[in-house]
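Structure first, commentary second.
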Protein chains: 2
Amino acid sequence: MRISFCCSHTRAEPWLEGFRQALPGADIELWQPGAPAADHAVVWAPPQQFFDEQPRLKGVFNIGAGVDALLKLKPPAGATLVRIEDGGMAVQMAEFVAHAVVRHFRELDVYDREQANAHWEFRRPRVRKDYPVGVMGLGVLGERVAQGLLHFEFPVRGWSRSPKQLAGVECFAGAEQFDAFLRGSRFLVCLLPLTPETAGILNRENLSRLLPGGYVINVARGAHLVEDDLIALIDGGHLAGATLDVFRTEPLPPEDPFWRHPKITVTPHTSARTMRDETIAQIAGKIRAFERGEPIAGVVDARRGY
Amino acid sequence: MRISFCCSHTRAEPWLEGFRQALPGADIELWQPGAPAADHAVVWAPPQQFFDEQPRLKGVFNIGAGVDALLKLKPPAGATLVRIEDGGMAVQMAEFVAHAVVRHFRELDVYDREQANAHWEFRRPRVRKDYPVGVMGLGVLGERVAQGLLHFEFPVRGWSRSPKQLAGVECFAGAEQFDAFLRGSRFLVCLLPLTPETAGILNRENLSRLLPGGYVINVARGAHLVEDDLIALIDGGHLAGATLDVFRTEPLPPEDPFWRHPKITVTPHTSARTMRDETIAQIAGKIRAFERGEPIAGVVDARRGY
């Protein structure tokens, strides 16, 4: 079995070494133009030329949960696309979102500013049940994020394309329940895959349906958000603020107004990083299952977009 | 049954109203000098005169988990002292500590400072198993804090006076295991009761045993900490920083160096506030149990100090 590794953004050697240890029988090589045809590929943002030269690929394993960039390319018609489902990312996402929710709910950002003035004044505690959190996207990451918020006793609501049931979460599904989902949420966490249906979903019309003082956390893709709409709703007072980890252009350009908005927290796409060891173990396991003809999780449906 | 309410720091009327609803048969009054003798008292920082005038008290119910101030007074010899055990505080404490741990572990404070300079640069992810959290004090609050940290997959260690067993927590007990506890912890969370044995426990000798880059979170009492020792260990580089919610003098005086130390986060004793409804329900339930002669939880052992 031959496996080709084609990741444009990372140092290849420790990955190759890890895959060789995890799949001792396989021939694992860094892709170069003109390389022999492989059975499987491990990729992150490969060039189209890679797929053009690899017509025999059976499995294409994406290092990451989001496959929106991959679906803009043309992989070989017979290849199965598979995305990472956790790989150590879920717990990171859960703690990142919980930190942002707790920070706003407990007004710890306000206390930080007051520390700068040596000002001691505690604020009246907010009531937890008045701060329901709506989680958009209930895959592996969304479910783990919901668990983290339930652990701290927030009311949690979830919205997904197809109906789901999660213990302790009030679940909504599809376009017809989207309005009710939004109108009962004060925090809104976006964990959706980026597809033609979800692009721009964080827009003025939808965000204005949140409970007054709404707070937006986008940890999915920058293109989910209509930037000017968010700023208008914050400056107009309907929204209290936002934590944004993803942007249409990354790195976020220095002149972008998000950087300096006092109610917006910017982080550099760091909410959940791929952890090498967990990712190698997961992909190696899936390749073994694939070769044995067993079903594997995380297969991408190109029509659905994730 | 007569109950006297004597709390110096809070507006009494909603509390009295709540207790009257919760204990409809009882006579519940705000204490004033010369008031008739009561069977039970609900107190927060009462004057000694209160106890001197109330020799018949059977139960003294403290609004709060810490009874160090109460034990400096002389309650009637026959009175049972009872402290609040949760009253809505545990979840607040758990989320406050989790926020502080995640914020430092994920370097979200660093990203905040970089946002001010519109600087986009992600930092190499830290490895969770390298950041064990040591929790000092394993009562109701300490156990809930430990659960919050386990939820985010941190290695959690606990230390208490007497041996305890908590699922998923590596437990240490007593003076003889204190050194081993400290030497394996990078975060140190103080949730101890303040007693003669624990006063000043966060001192140079003990804090210097933490793993390099240690981070201190004090949410117990200001007198647990030796302030100059903490600052010396941070400035010397052995400790990375601290989050302090409690102080020897509160409000913290404007000239205190903690306010302006770049590696110390100060909050105004806000980590866990007493929630009125939960507290009234808990104390009313304990008074009913007391009157029926049933055992109740949270009874203070004055010799032990909590």
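A note on labels: chains of the structure tokens are A, B, ... as shown, every chain counts residues from 1, and ligands are counted from 1 in their shown order.
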Using only C-alpha atoms, I'd like a table of the residues in chain B that come within 9 Å of chain A; for each, show the closest atom pair and its distance in Å rounded to one decimal, ordered by chain and ascending number, as CSV.
```
residue,atom,partner,partner_atom,distance
B:Val91,CA,A:Phe152,CA,6.1
B:Gln92,CA,A:Phe152,CA,8.0
B:Ala94,CA,A:Phe152,CA,7.6
B:Glu95,CA,A:Phe152,CA,6.4
B:Phe96,CA,A:Val102,CA,7.6
B:Ala98,CA,A:His99,CA,7.7
B:His99,CA,A:His99,CA,5.2
B:Ala100,CA,A:His99,CA,8.5
B:Val102,CA,A:Glu95,CA,6.8
B:Arg103,CA,A:His99,CA,7.2
B:Arg106,CA,A:Phe96,CA,8.3
B:Leu108,CA,A:Thr267,CA,8.0
B:Tyr111,CA,A:Thr267,CA,6.3
B:Asp112,CA,A:Thr265,CA,7.4
B:Glu114,CA,A:Thr267,CA,8.9
B:Gln115,CA,A:Trp259,CA,5.9
B:Ala116,CA,A:Arg260,CA,6.8
B:Asn117,CA,A:Trp259,CA,8.1
B:Ala118,CA,A:Pro254,CA,5.3
B:His119,CA,A:Pro254,CA,7.2
B:Trp120,CA,A:Pro268,CA,5.7
B:Glu121,CA,A:Pro268,CA,6.4
B:Phe122,CA,A:Pro268,CA,5.9
B:Arg123,CA,A:Thr270,CA,8.3
B:Pro125,CA,A:Arg273,CA,7.5
B:Gln147,CA,A:His151,CA,8.9
B:Gly148,CA,A:His151,CA,7.3
B:His151,CA,A:Gly148,CA,7.3
B:Phe152,CA,A:Val91,CA,6.1
B:Glu153,CA,A:Val91,CA,7.5
B:Glu250,CA,A:Trp120,CA,8.8
B:Pro251,CA,A:Trp120,CA,6.2
B:Leu252,CA,A:Trp120,CA,7.0
B:Pro253,CA,A:Ala118,CA,8.1
B:Pro254,CA,A:Ala118,CA,5.3
B:Glu255,CA,A:Ala118,CA,8.0
B:Asp256,CA,A:Ala118,CA,8.5
B:Trp259,CA,A:Ala118,CA,5.6
B:Arg260,CA,A:Ala116,CA,6.8
B:Thr265,CA,A:Asp112,CA,7.4
B:Val266,CA,A:Gln115,CA,6.4
B:Thr267,CA,A:Tyr111,CA,6.3
B:Pro268,CA,A:Trp120,CA,5.7
B:His269,CA,A:Phe122,CA,7.6
B:Thr270,CA,A:Phe122,CA,6.5
B:Ser271,CA,A:Arg106,CA,9.0
B:Arg273,CA,A:Pro125,CA,7.5
B:Met275,CA,A:Pro125,CA,8.6
```
Among segment 103-285 of chain B, which residues carry a DSSP assignment of strand (DSSP E or B), reported as JSON, numbers by chain? {"B": [133, 134, 135, 136, 156, 157, 158, 159, 160, 169, 170, 171, 172, 173, 187, 188, 189, 190, 202, 214, 215, 216, 217, 218, 225, 239, 240, 241, 242, 243, 244, 264, 265, 266]}
Per DSSP on the backbone, filter segment 2-200 of chain B down to the residues in helix (DSSP H, G or I) and report them as a ChimeraX atom specification. /B:12-22,48-52,70-72,89-105,108-116,128-130,140-151,175-183
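Close contacts of His238 of chain B, defined as residues with an atom at most 6 Å away when counting only C-alpha atoms, with chain neighbours fewer than 2 positions off set aside, comprise Pro212, Gly213, Leu233 and Gly236 of chain B.
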Filtering to all heavy atoms, could you give me those residues as a compact mmCIF listing (two decimals), in the first residue's frame?
```txt
# COMPACT_ATOMS: atom_id res chain seq x y z
N PRO B 212 8.14 24.41 37.29
CA PRO B 212 8.52 25.71 36.73
C PRO B 212 7.38 26.27 35.87
O PRO B 212 6.71 25.53 35.15
CB PRO B 212 9.74 25.39 35.86
CG PRO B 212 10.26 24.09 36.37
CD PRO B 212 9.10 23.35 36.93
N GLY B 213 7.19 27.58 35.93
CA GLY B 213 6.07 28.17 35.20
C GLY B 213 4.76 27.99 35.93
O GLY B 213 3.69 28.08 35.32
N LEU B 233 8.55 35.41 43.52
CA LEU B 233 8.67 34.21 42.69
C LEU B 233 8.22 34.46 41.25
O LEU B 233 8.73 33.84 40.32
CB LEU B 233 7.86 33.06 43.31
CG LEU B 233 8.52 32.44 44.55
CD1 LEU B 233 7.52 31.58 45.32
CD2 LEU B 233 9.74 31.60 44.15
N GLY B 236 11.04 36.63 39.79
CA GLY B 236 12.22 35.81 39.61
C GLY B 236 12.08 34.78 38.50
O GLY B 236 13.05 34.13 38.13
```
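Proximity of A:Ala65, A:Val156, A:Ala175, A:Ala232 to Leu192 of chain A, computed with only C-alpha atoms, is greatest for A:Ala65.
For the pair atom CA of Asp179 of chain B and atom CA of Ile201 of chain B, the separation is 12.3 Å.
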### Query
Got a sec: who's within 8 Å of Met1 of chain B, counting only C-alpha atoms, leaving out chain neighbours fewer than 3 positions off, as a count of residues only?
5
